[in-house]
file final_22.csv (CSV, C-alpha atoms and all ligand atoms)
chain,number,residue,atom,x,y,z
S,14,MET,CA,-46.6,-46.1,43.6
S,15,PRO,CA,-44.2,-48.3,41.6
S,16,ASN,CA,-41.4,-46.5,40.0
S,17,TYR,CA,-41.8,-47.1,36.2
S,18,THR,CA,-39.0,-46.1,34.0
S,19,VAL,CA,-40.1,-45.0,30.6
S,20,LYS,CA,-37.8,-46.2,27.8
S,21,VAL,CA,-37.3,-43.7,25.0
S,22,PRO,CA,-37.2,-45.6,21.7
S,23,PRO,CA,-34.2,-45.0,19.4
S,24,LYS,CA,-34.7,-42.2,16.9
S,25,VAL,CA,-35.9,-43.6,13.7
S,26,VAL,CA,-34.9,-41.8,10.4
S,27,PRO,CA,-38.2,-41.1,8.6
S,28,PRO,CA,-38.5,-42.8,5.2
S,29,ALA,CA,-38.9,-39.5,3.5
S,30,SER,CA,-35.5,-38.2,4.5
S,31,ARG,CA,-33.9,-41.5,3.7
S,32,ALA,CA,-35.4,-41.4,0.2
S,33,LYS,CA,-33.4,-38.2,-0.5
S,34,THR,CA,-30.1,-40.1,-0.2
S,35,GLN,CA,-28.9,-41.2,-3.7
S,36,PRO,CA,-28.0,-44.9,-3.8
S,37,ILE,CA,-24.5,-46.1,-4.8
S,38,PRO,CA,-24.8,-48.7,-7.7
S,39,ALA,CA,-24.3,-52.3,-6.8
S,40,PRO,CA,-20.8,-53.7,-7.2
S,41,ILE,CA,-21.8,-55.7,-10.3
S,42,GLU,CA,-23.1,-52.5,-12.0
S,43,ARG,CA,-19.9,-50.6,-11.1
S,44,GLN,CA,-17.9,-53.4,-12.6
S,45,ARG,CA,-19.8,-53.4,-15.8
S,46,PHE,CA,-19.4,-49.6,-16.1
S,47,ARG,CA,-15.6,-49.9,-15.6
S,48,ARG,CA,-15.3,-52.7,-18.1
S,49,ARG,CA,-17.3,-50.9,-20.7
S,50,LEU,CA,-15.5,-47.7,-20.2
S,51,LEU,CA,-12.0,-49.1,-20.3
S,52,SER,CA,-12.7,-51.2,-23.3
S,53,TRP,CA,-14.1,-48.2,-25.1
S,54,TYR,CA,-11.0,-46.1,-24.1
S,55,ARG,CA,-8.6,-48.7,-25.5
S,56,ARG,CA,-10.2,-48.4,-28.9
S,57,HIS,CA,-11.1,-44.7,-29.0
S,58,GLY,CA,-9.1,-42.8,-26.3
S,59,ARG,CA,-7.2,-39.8,-27.6
S,60,ASP,CA,-3.4,-39.9,-27.8
S,61,LEU,CA,-2.6,-36.7,-26.0
S,62,PRO,CA,1.0,-35.7,-25.0
S,63,TRP,CA,0.1,-35.3,-21.3
S,64,ARG,CA,-1.0,-38.9,-21.3
S,65,ARG,CA,2.5,-40.0,-22.3
S,66,THR,CA,4.1,-38.5,-19.2
S,67,ARG,CA,4.0,-38.9,-15.4
S,68,ASN,CA,6.1,-35.8,-14.8
S,69,PRO,CA,4.2,-33.8,-12.1
S,70,TYR,CA,5.2,-30.4,-13.6
S,71,HIS,CA,4.1,-31.4,-17.1
S,72,ILE,CA,0.8,-32.8,-15.7
S,73,LEU,CA,0.2,-29.6,-13.7
S,74,VAL,CA,0.8,-27.4,-16.7
S,75,SER,CA,-1.6,-29.4,-18.9
S,76,GLU,CA,-4.3,-29.4,-16.2
S,77,ILE,CA,-4.1,-25.6,-15.7
S,78,MET,CA,-4.1,-25.0,-19.4
S,79,LEU,CA,-7.1,-27.3,-19.9
S,80,GLN,CA,-9.2,-25.3,-17.4
S,81,GLN,CA,-12.0,-23.7,-19.5
S,82,THR,CA,-10.0,-24.3,-22.7
S,83,GLN,CA,-10.5,-26.8,-25.6
S,84,VAL,CA,-7.9,-29.5,-26.1
S,85,GLU,CA,-7.2,-28.4,-29.6
S,86,ARG,CA,-6.2,-24.9,-28.4
S,87,VAL,CA,-4.0,-26.3,-25.6
S,88,LEU,CA,-2.0,-28.7,-27.7
S,89,PRO,CA,0.4,-26.3,-29.5
S,90,LYS,CA,0.8,-24.1,-26.4
S,91,TYR,CA,1.6,-27.0,-24.2
S,92,GLU,CA,4.6,-28.1,-26.3
S,93,GLU,CA,5.8,-24.5,-26.7
S,94,TRP,CA,5.5,-23.7,-23.0
S,95,LEU,CA,7.5,-26.8,-22.0
S,96,SER,CA,10.3,-26.0,-24.4
S,97,LYS,CA,10.5,-22.6,-22.9
S,98,TYR,CA,9.9,-23.5,-19.3
S,99,PRO,CA,10.8,-27.2,-19.0
S,100,SER,CA,10.7,-27.4,-15.2
S,101,PHE,CA,9.5,-25.6,-12.0
S,102,GLU,CA,13.0,-24.1,-11.7
S,103,SER,CA,12.9,-22.5,-15.1
S,104,LEU,CA,9.4,-21.1,-14.7
S,105,ALA,CA,10.3,-19.8,-11.2
S,106,ALA,CA,13.3,-18.0,-12.6
S,107,THR,CA,11.2,-15.8,-15.0
S,108,THR,CA,8.8,-13.0,-14.0
S,109,PRO,CA,5.0,-13.2,-13.7
S,110,ARG,CA,4.8,-10.7,-16.5
S,111,GLN,CA,7.0,-12.8,-18.9
S,112,ALA,CA,5.0,-15.9,-18.0
S,113,THR,CA,1.8,-14.2,-18.8
S,114,ARG,CA,3.2,-13.1,-22.2
S,115,SER,CA,4.2,-16.6,-23.0
S,116,TRP,CA,0.7,-17.8,-22.1
S,117,TYR,CA,-0.8,-15.8,-25.0
S,118,PRO,CA,-3.3,-16.5,-26.7
S,119,LEU,CA,-4.9,-18.9,-24.1
S,120,GLY,CA,-6.5,-16.2,-22.0
S,121,TYR,CA,-7.7,-16.3,-18.4
S,122,ASN,CA,-4.4,-14.7,-17.4
S,123,ILE,CA,-4.8,-15.5,-13.8
S,124,ARG,CA,-3.7,-19.0,-14.7
S,125,PRO,CA,-0.1,-18.3,-15.7
S,126,LYS,CA,0.3,-16.0,-12.7
S,127,ARG,CA,-0.9,-18.8,-10.4
S,128,LEU,CA,1.2,-21.4,-12.2
S,129,HIS,CA,4.2,-19.1,-11.8
S,130,ALA,CA,3.5,-18.5,-8.0
S,131,ILE,CA,3.2,-22.3,-7.6
S,132,ALA,CA,6.5,-22.8,-9.3
S,133,ARG,CA,8.2,-20.4,-7.0
S,134,GLU,CA,6.7,-22.0,-3.9
S,135,VAL,CA,7.7,-25.5,-5.1
S,136,VAL,CA,11.3,-24.4,-5.6
S,137,GLN,CA,11.5,-22.5,-2.3
S,138,GLN,CA,9.6,-24.9,-0.1
S,139,TYR,CA,9.9,-28.3,-1.7
S,140,ASP,CA,13.2,-28.2,-3.4
S,141,GLY,CA,11.6,-28.2,-6.8
S,142,GLN,CA,9.6,-31.4,-6.2
S,143,LEU,CA,5.8,-31.0,-6.3
S,144,PRO,CA,4.3,-32.7,-3.1
S,145,SER,CA,1.9,-35.5,-3.7
S,146,ASP,CA,-0.3,-35.4,-0.6
S,147,GLU,CA,-3.8,-33.8,-0.8
S,148,ASP,CA,-3.3,-31.2,2.0
S,149,SER,CA,-0.1,-29.8,0.6
S,150,LEU,CA,-1.5,-29.6,-2.9
S,151,ARG,CA,-4.7,-28.0,-1.7
S,152,ALA,CA,-2.7,-25.3,0.0
S,153,PHE,CA,-1.4,-24.0,-3.3
S,154,LYS,CA,-3.6,-21.1,-4.4
S,155,GLY,CA,-5.6,-22.0,-7.5
S,156,LEU,CA,-5.6,-25.8,-7.1
S,157,GLY,CA,-9.1,-26.9,-6.4
S,158,GLU,CA,-10.6,-30.4,-5.7
S,159,TYR,CA,-10.6,-31.4,-9.4
S,160,THR,CA,-7.0,-30.3,-10.2
S,161,VAL,CA,-5.6,-31.9,-7.0
S,162,GLY,CA,-7.3,-35.2,-7.9
S,163,ALA,CA,-6.0,-35.0,-11.4
S,164,VAL,CA,-2.4,-34.4,-10.3
S,165,GLN,CA,-2.6,-37.1,-7.7
S,166,SER,CA,-4.0,-39.7,-10.1
S,167,PHE,CA,-2.1,-38.7,-13.3
S,168,ALA,CA,1.3,-37.8,-11.8
S,169,PHE,CA,1.5,-39.9,-8.7
S,170,ASP,CA,-0.7,-42.9,-9.6
S,171,LYS,CA,-2.9,-42.4,-6.5
S,172,ARG,CA,-6.4,-43.9,-6.3
S,173,THR,CA,-8.1,-40.5,-6.4
S,174,PRO,CA,-11.4,-39.6,-7.9
S,175,ILE,CA,-11.9,-36.6,-10.3
S,176,VAL,CA,-15.0,-34.8,-11.4
S,177,ASP,CA,-14.9,-32.2,-14.1
S,178,THR,CA,-17.8,-30.9,-16.3
S,179,ASN,CA,-17.6,-33.9,-18.6
S,180,ILE,CA,-17.5,-36.4,-15.8
S,181,LEU,CA,-20.3,-34.8,-13.9
S,182,ARG,CA,-22.5,-35.0,-17.0
S,183,LEU,CA,-21.7,-38.6,-17.7
S,184,LEU,CA,-22.1,-40.0,-14.2
S,185,PHE,CA,-25.2,-37.9,-13.6
S,186,ARG,CA,-26.8,-39.3,-16.7
S,187,VAL,CA,-25.8,-42.9,-16.2
S,188,PHE,CA,-26.4,-43.3,-12.4
S,189,VAL,CA,-28.8,-40.5,-11.5
S,190,GLY,CA,-30.8,-39.5,-14.5
S,191,HIS,CA,-33.3,-37.1,-12.9
S,192,GLY,CA,-33.2,-33.9,-10.8
S,193,ASP,CA,-31.0,-30.9,-11.2
S,194,PRO,CA,-27.3,-31.7,-11.8
S,195,LYS,CA,-26.4,-28.2,-10.7
S,196,ARG,CA,-27.6,-28.8,-7.2
S,197,HIS,CA,-24.8,-29.0,-4.6
S,198,ALA,CA,-26.2,-32.3,-3.2
S,199,ILE,CA,-26.1,-34.0,-6.6
S,200,LYS,CA,-22.6,-32.7,-7.4
S,201,ARG,CA,-21.4,-34.2,-4.0
S,202,HIS,CA,-23.1,-37.4,-4.9
S,203,VAL,CA,-21.3,-37.6,-8.2
S,204,TRP,CA,-18.0,-37.2,-6.3
S,205,VAL,CA,-19.0,-40.1,-4.1
S,206,LEU,CA,-19.9,-42.1,-7.3
S,207,SER,CA,-16.6,-41.2,-8.9
S,208,ARG,CA,-14.7,-42.6,-5.9
S,209,ALA,CA,-16.9,-45.7,-5.6
S,210,LEU,CA,-16.3,-46.5,-9.3
S,211,LEU,CA,-12.5,-46.3,-9.2
S,212,PRO,CA,-10.8,-49.5,-10.1
S,213,ARG,CA,-8.0,-51.0,-8.0
S,214,ARG,CA,-5.6,-50.7,-10.9
S,215,HIS,CA,-5.4,-48.6,-14.1
S,216,VAL,CA,-6.7,-45.5,-12.2
S,217,PHE,CA,-4.8,-43.3,-14.7
S,218,ASP,CA,-6.5,-44.8,-17.7
S,219,PHE,CA,-9.9,-44.9,-15.9
S,220,ASN,CA,-9.9,-41.2,-15.0
S,221,GLN,CA,-8.6,-40.2,-18.5
S,222,ALA,CA,-11.3,-42.5,-20.0
S,223,LEU,CA,-14.1,-40.8,-18.0
S,224,MET,CA,-13.0,-37.4,-19.4
S,225,ASP,CA,-12.7,-38.6,-23.0
S,226,PHE,CA,-16.1,-40.5,-22.9
S,227,GLY,CA,-17.8,-37.4,-21.5
S,228,SER,CA,-16.3,-35.1,-24.2
S,229,LEU,CA,-16.6,-37.5,-27.2
S,230,VAL,CA,-19.7,-39.6,-26.6
S,231,CYS,CA,-21.9,-38.4,-23.7
S,232,VAL,CA,-21.7,-34.8,-25.0
S,233,SER,CA,-23.9,-32.0,-23.7
S,234,ARG,CA,-26.5,-31.6,-26.5
S,235,LYS,CA,-27.1,-34.6,-28.8
S,236,PRO,CA,-25.3,-37.3,-26.8
S,237,ARG,CA,-24.3,-40.2,-29.1
S,238,CYS,CA,-26.6,-42.7,-27.4
S,239,PRO,CA,-27.1,-45.0,-30.4
S,240,ILE,CA,-23.4,-46.0,-30.3
S,241,CYS,CA,-23.0,-45.8,-26.5
S,242,PRO,CA,-21.9,-48.9,-24.6
S,243,MET,CA,-23.4,-47.5,-21.4
S,244,ARG,CA,-26.9,-47.4,-22.8
S,245,PRO,CA,-28.3,-50.6,-21.2
S,246,ASP,CA,-27.6,-49.1,-17.7
S,247,CYS,CA,-28.1,-45.4,-18.4
S,248,ARG,CA,-30.9,-43.9,-16.2
S,249,ALA,CA,-31.3,-40.7,-18.3
S,250,PHE,CA,-31.6,-42.7,-21.5
S,251,SER,CA,-34.1,-45.2,-20.2
S,252,SER,CA,-36.2,-42.4,-18.6
S,253,GLY,CA,-36.5,-40.6,-21.9
S,254,LYS,CA,-35.6,-37.4,-20.2
S,255,LEU,CA,-32.3,-36.8,-21.9
S,256,ARG,CA,-33.3,-33.3,-23.0
S,257,GLN,CA,-33.7,-32.3,-19.4
S,258,THR,CA,-30.1,-33.4,-18.7
S,259,ALA,CA,-28.5,-31.1,-21.4
S,260,MET,CA,-25.6,-29.6,-19.4
S,261,PRO,CA,-22.5,-27.6,-20.3
G,1,LIG,S1,-26.8,-43.6,-23.3
G,1,LIG,FE1,-26.6,-41.5,-24.0
G,1,LIG,S2,-26.9,-40.3,-22.1
G,1,LIG,FE2,-26.5,-42.3,-21.5
G,1,LIG,S3,-24.2,-42.4,-21.2
G,1,LIG,FE3,-24.6,-43.0,-23.3
G,1,LIG,S4,-24.4,-41.2,-24.5
G,1,LIG,FE4,-24.7,-40.5,-22.4

call {"tool": "encode", "arguments": {"input": "final_22.csv", "output": "structure tokens", "more": "lines below"}}
Ligand code: SF4
result
Amino acid sequence: MPNYTVKVPPKVVPPASRAKTQPIPAPIERQRFRRRLLSWYRRHGRDLPWRRTRNPYHILVSEIMLQQTQVERVLPKYEEWLSKYPSFESLAATTPRQATRSWYPLGYNIRPKRLHAIAREVVQQYDGQLPSDEDSLRAFKGLGEYTVGAVQSFAFDKRTPIVDTNILRLLFRVFVGHGDPKRHAIKRHVWVLSRALLPRRHVFDFNQALMDFGSLVCVSRKPRCPICPMRPDCRAFSSGKLRQTAMP
């Protein structure tokens, strides 16, 4: 009997499971999105005090204050806090109780406690200088993926993506347009999109622009589609399913 060897064909990924992978937009579409966003931001972006600094401590304070809190409520407290605690050293020198008192009336009092703990750690372990690498930043208690990305791109000018609620809503509507944006797989895809969209330069402006656009134009209920420059490429708009994409 001849000895036949049976060749096993390479495993083929069935089309059904491939179809579940969300596509990344083509380079030309990403370029259009960047151009439209930055041009909108130059005309309509908000002039906020934390956009006029690259000081890592100031950026970190603003990012922690802005968690779950409206910009208008943060503005007066941000200035007041920085005049009271202008550096990691001055914050580390106070007590957690005093820091929490100074935080009033922002609420979510775990935030001043965490900020105070970070200040002490930065002073003790890093000689008062906030580290810029992802692993060290992620090691601080209370700094999640978004805040680490924000600190890296706003304070250290790194090409790092960010996705907050506003950005999730905007990128989901423009580039996905259907499905449940609360699904983990979609959220991960939006992070991938956010990275793929990053420009080579002007990362600071680009990330700030994403947040402003999501909070001023592509708002949760009644997005301002008639005046929106993204409309020609927006999946949610062209599918007519905008109501289904109302998100926080
Ligand atoms: S067209 Fe409407 S839904 Fe689409 S990005 Fe603009 S505001 Fe948002």

call {"tool": "closest_residue", "arguments": {"input": "final_22.csv", "among": "S:Val176, S:Ala209, S:Leu50, S:Ala39", "to": "ligand LIG 1 (chain G)", "atoms": "only C-alpha atoms and all ligand atoms"}}
result
S:Leu50

call {"tool": "closest_atom_pairs", "arguments": {"input": "final_22.csv", "of": "chain S", "to": "ligand LIG 1 (chain G)", "cutoff": "7 Å", "atoms": "all atoms listed in the file", "output": "CSV"}}
result
residue,atom,partner,partner_atom,distance
S:Leu183,CA,G:LIG1,S3,5.7
S:Arg186,CA,G:LIG1,S2,5.5
S:Val187,CA,G:LIG1,S3,5.3
S:Val230,CA,G:LIG1,S4,5.4
S:Cys231,CA,G:LIG1,FE4,3.7
S:Val232,CA,G:LIG1,FE4,6.9
S:Pro236,CA,G:LIG1,S4,4.6
S:Arg237,CA,G:LIG1,S4,4.7
S:Cys238,CA,G:LIG1,FE1,3.6
S:Cys241,CA,G:LIG1,FE3,4.5
S:Pro242,CA,G:LIG1,FE3,6.6
S:Met243,CA,G:LIG1,FE3,5.0
S:Arg244,CA,G:LIG1,S1,3.8
S:Cys247,CA,G:LIG1,FE2,4.7
S:Ala249,CA,G:LIG1,S2,5.8
S:Phe250,CA,G:LIG1,FE2,5.1
S:Leu255,CA,G:LIG1,S2,6.4

call {"tool": "write_last_selection", "arguments": {"input": "final_22.csv", "atoms": "C-alpha atoms", "output": "tab-separated table (two decimals), keeping the file's coordinate frame"}}
result
chain	number	residue	atom	x	y	z
S	183	LEU	CA	-21.70	-38.60	-17.70
S	186	ARG	CA	-26.80	-39.30	-16.70
S	187	VAL	CA	-25.80	-42.90	-16.20
S	230	VAL	CA	-19.70	-39.60	-26.60
S	231	CYS	CA	-21.90	-38.40	-23.70
S	232	VAL	CA	-21.70	-34.80	-25.00
S	236	PRO	CA	-25.30	-37.30	-26.80
S	237	ARG	CA	-24.30	-40.20	-29.10
S	238	CYS	CA	-26.60	-42.70	-27.40
S	241	CYS	CA	-23.00	-45.80	-26.50
S	242	PRO	CA	-21.90	-48.90	-24.60
S	243	MET	CA	-23.40	-47.50	-21.40
S	244	ARG	CA	-26.90	-47.40	-22.80
S	247	CYS	CA	-28.10	-45.40	-18.40
S	249	ALA	CA	-31.30	-40.70	-18.30
S	250	PHE	CA	-31.60	-42.70	-21.50
S	255	LEU	CA	-32.30	-36.80	-21.90

call {"tool": "atom_distance", "arguments": {"input": "final_22.csv", "atom1": "CA of His202 (chain S)", "atom2": "CA of Ile240 (chain S)"}}
result
26.8 Å

call {"tool": "closest_residue", "arguments": {"input": "final_22.csv", "among": "S:Arg64, S:Pro174, S:Leu229, S:Asp218", "to": "Val203 (chain S)", "atoms": "only C-alpha atoms"}}
result
S:Pro174

call {"tool": "residues_around", "arguments": {"input": "final_22.csv", "residues": "Arg151 (chain S)", "least_positions_apart": "5", "cutoff": "12 Å", "atoms": "all atoms listed in the file", "output": "list in words"}}
result
Ile131, Leu143, Pro144, Ser145, Asp146, Leu156, Gly157, Glu158, Tyr159, Thr160, Val161, Gly162, Val164 and Gln165 of chain S

call {"tool": "closest_residue", "arguments": {"input": "final_22.csv", "among": "S:Leu128, S:Tyr117, S:Ala152, S:Asp193", "to": "Ala105 (chain S)", "atoms": "only C-alpha atoms"}}
result
S:Leu128

call {"tool": "closest_residue", "arguments": {"input": "final_22.csv", "among": "S:Tyr70, S:Gln142, S:Tyr54, S:Phe153", "to": "Gly227 (chain S)", "atoms": "only C-alpha atoms"}}
result
S:Tyr54

call {"tool": "decode", "arguments": {"input": "final_22.csv", "residues": "region 110-187 of chain S", "atoms": "C-alpha atoms", "output": "mmCIF file, in the first residue's frame"}}
result
data_model
loop_
_atom_site.group_PDB
_atom_site.id
_atom_site.type_symbol
_atom_site.label_atom_id
_atom_site.label_comp_id
_atom_site.auth_asym_id
_atom_site.auth_seq_id
_atom_site.Cartn_x
_atom_site.Cartn_y
_atom_site.Cartn_z
ATOM 1 C CA ARG S 110 -9.168 65.932 55.524
ATOM 2 C CA GLN S 111 -8.097 69.480 54.683
ATOM 3 C CA ALA S 112 -7.814 68.616 50.979
ATOM 4 C CA THR S 113 -11.363 67.228 51.050
ATOM 5 C CA ARG S 114 -12.625 70.404 52.739
ATOM 6 C CA SER S 115 -10.989 72.524 50.042
ATOM 7 C CA TRP S 116 -12.677 70.396 47.379
ATOM 8 C CA TYR S 117 -16.161 71.457 48.490
ATOM 9 C CA PRO S 118 -18.669 71.790 46.727
ATOM 10 C CA LEU S 119 -17.465 69.561 43.855
ATOM 11 C CA GLY S 120 -18.501 66.302 45.553
ATOM 12 C CA TYR S 121 -17.352 62.725 44.825
ATOM 13 C CA ASN S 122 -14.946 63.147 47.718
ATOM 14 C CA ILE S 123 -12.914 60.105 46.840
ATOM 15 C CA ARG S 124 -11.300 62.370 44.221
ATOM 16 C CA PRO S 125 -9.490 64.840 46.553
ATOM 17 C CA LYS S 126 -8.364 61.906 48.685
ATOM 18 C CA ARG S 127 -6.879 60.166 45.660
ATOM 19 C CA LEU S 128 -5.330 63.364 44.354
ATOM 20 C CA HIS S 129 -3.745 63.931 47.750
ATOM 21 C CA ALA S 130 -2.416 60.341 47.838
ATOM 22 C CA ILE S 131 -0.955 60.783 44.338
ATOM 23 C CA ALA S 132 0.713 64.056 45.432
ATOM 24 C CA ARG S 133 2.374 62.292 48.375
ATOM 25 C CA GLU S 134 3.565 59.448 46.163
ATOM 26 C CA VAL S 135 4.917 61.841 43.519
ATOM 27 C CA VAL S 136 6.845 63.760 46.181
ATOM 28 C CA GLN S 137 8.171 60.660 47.935
ATOM 29 C CA GLN S 138 8.967 58.478 44.940
ATOM 30 C CA TYR S 139 9.490 60.840 42.035
ATOM 31 C CA ASP S 140 11.000 63.908 43.655
ATOM 32 C CA GLY S 141 7.873 65.954 42.948
ATOM 33 C CA GLN S 142 7.858 65.245 39.173
ATOM 34 C CA LEU S 143 4.907 63.320 37.734
ATOM 35 C CA PRO S 144 6.258 60.452 35.583
ATOM 36 C CA SER S 145 5.172 60.447 31.946
ATOM 37 C CA ASP S 146 5.197 56.756 31.042
ATOM 38 C CA GLU S 147 1.995 54.754 30.919
ATOM 39 C CA ASP S 148 2.975 52.012 33.375
ATOM 40 C CA SER S 149 3.994 54.432 36.139
ATOM 41 C CA LEU S 150 0.877 56.550 35.642
ATOM 42 C CA ARG S 151 -1.408 53.504 35.629
ATOM 43 C CA ALA S 152 0.148 52.400 38.914
ATOM 44 C CA PHE S 153 -1.373 55.412 40.738
ATOM 45 C CA LYS S 154 -4.664 54.512 42.341
ATOM 46 C CA GLY S 155 -7.566 56.273 40.635
ATOM 47 C CA LEU S 156 -5.884 56.934 37.285
ATOM 48 C CA GLY S 157 -7.699 54.936 34.596
ATOM 49 C CA GLU S 158 -7.089 54.560 30.883
ATOM 50 C CA TYR S 159 -8.741 57.860 29.971
ATOM 51 C CA THR S 160 -6.960 59.992 32.608
ATOM 52 C CA VAL S 161 -3.578 58.470 31.818
ATOM 53 C CA GLY S 162 -4.085 59.211 28.098
ATOM 54 C CA ALA S 163 -5.194 62.760 28.887
ATOM 55 C CA VAL S 164 -2.169 63.441 31.103
ATOM 56 C CA GLN S 165 0.207 61.951 28.537
ATOM 57 C CA SER S 166 -1.179 63.919 25.620
ATOM 58 C CA PHE S 167 -1.935 67.223 27.394
ATOM 59 C CA ALA S 168 1.026 67.458 29.761
ATOM 60 C CA PHE S 169 3.720 65.534 27.902
ATOM 61 C CA ASP S 170 2.629 65.983 24.287
ATOM 62 C CA LYS S 171 2.604 62.230 23.645
ATOM 63 C CA ARG S 172 0.657 60.707 20.778
ATOM 64 C CA THR S 173 -1.833 58.996 23.064
ATOM 65 C CA PRO S 174 -5.531 58.401 22.353
ATOM 66 C CA ILE S 175 -8.298 59.280 24.776
ATOM 67 C CA VAL S 176 -11.941 58.207 24.948
ATOM 68 C CA ASP S 177 -14.349 59.819 27.395
ATOM 69 C CA THR S 178 -18.159 59.792 27.201
ATOM 70 C CA ASN S 179 -18.267 62.627 24.662
ATOM 71 C CA ILE S 180 -15.642 61.062 22.429
ATOM 72 C CA LEU S 181 -17.257 57.634 22.626
ATOM 73 C CA ARG S 182 -20.557 59.104 21.459
ATOM 74 C CA LEU S 183 -18.984 61.125 18.624
ATOM 75 C CA LEU S 184 -16.764 58.364 17.203
ATOM 76 C CA PHE S 185 -19.487 55.778 17.587
ATOM 77 C CA ARG S 186 -21.943 57.885 15.623
ATOM 78 C CA VAL S 187 -19.546 58.931 12.875
#
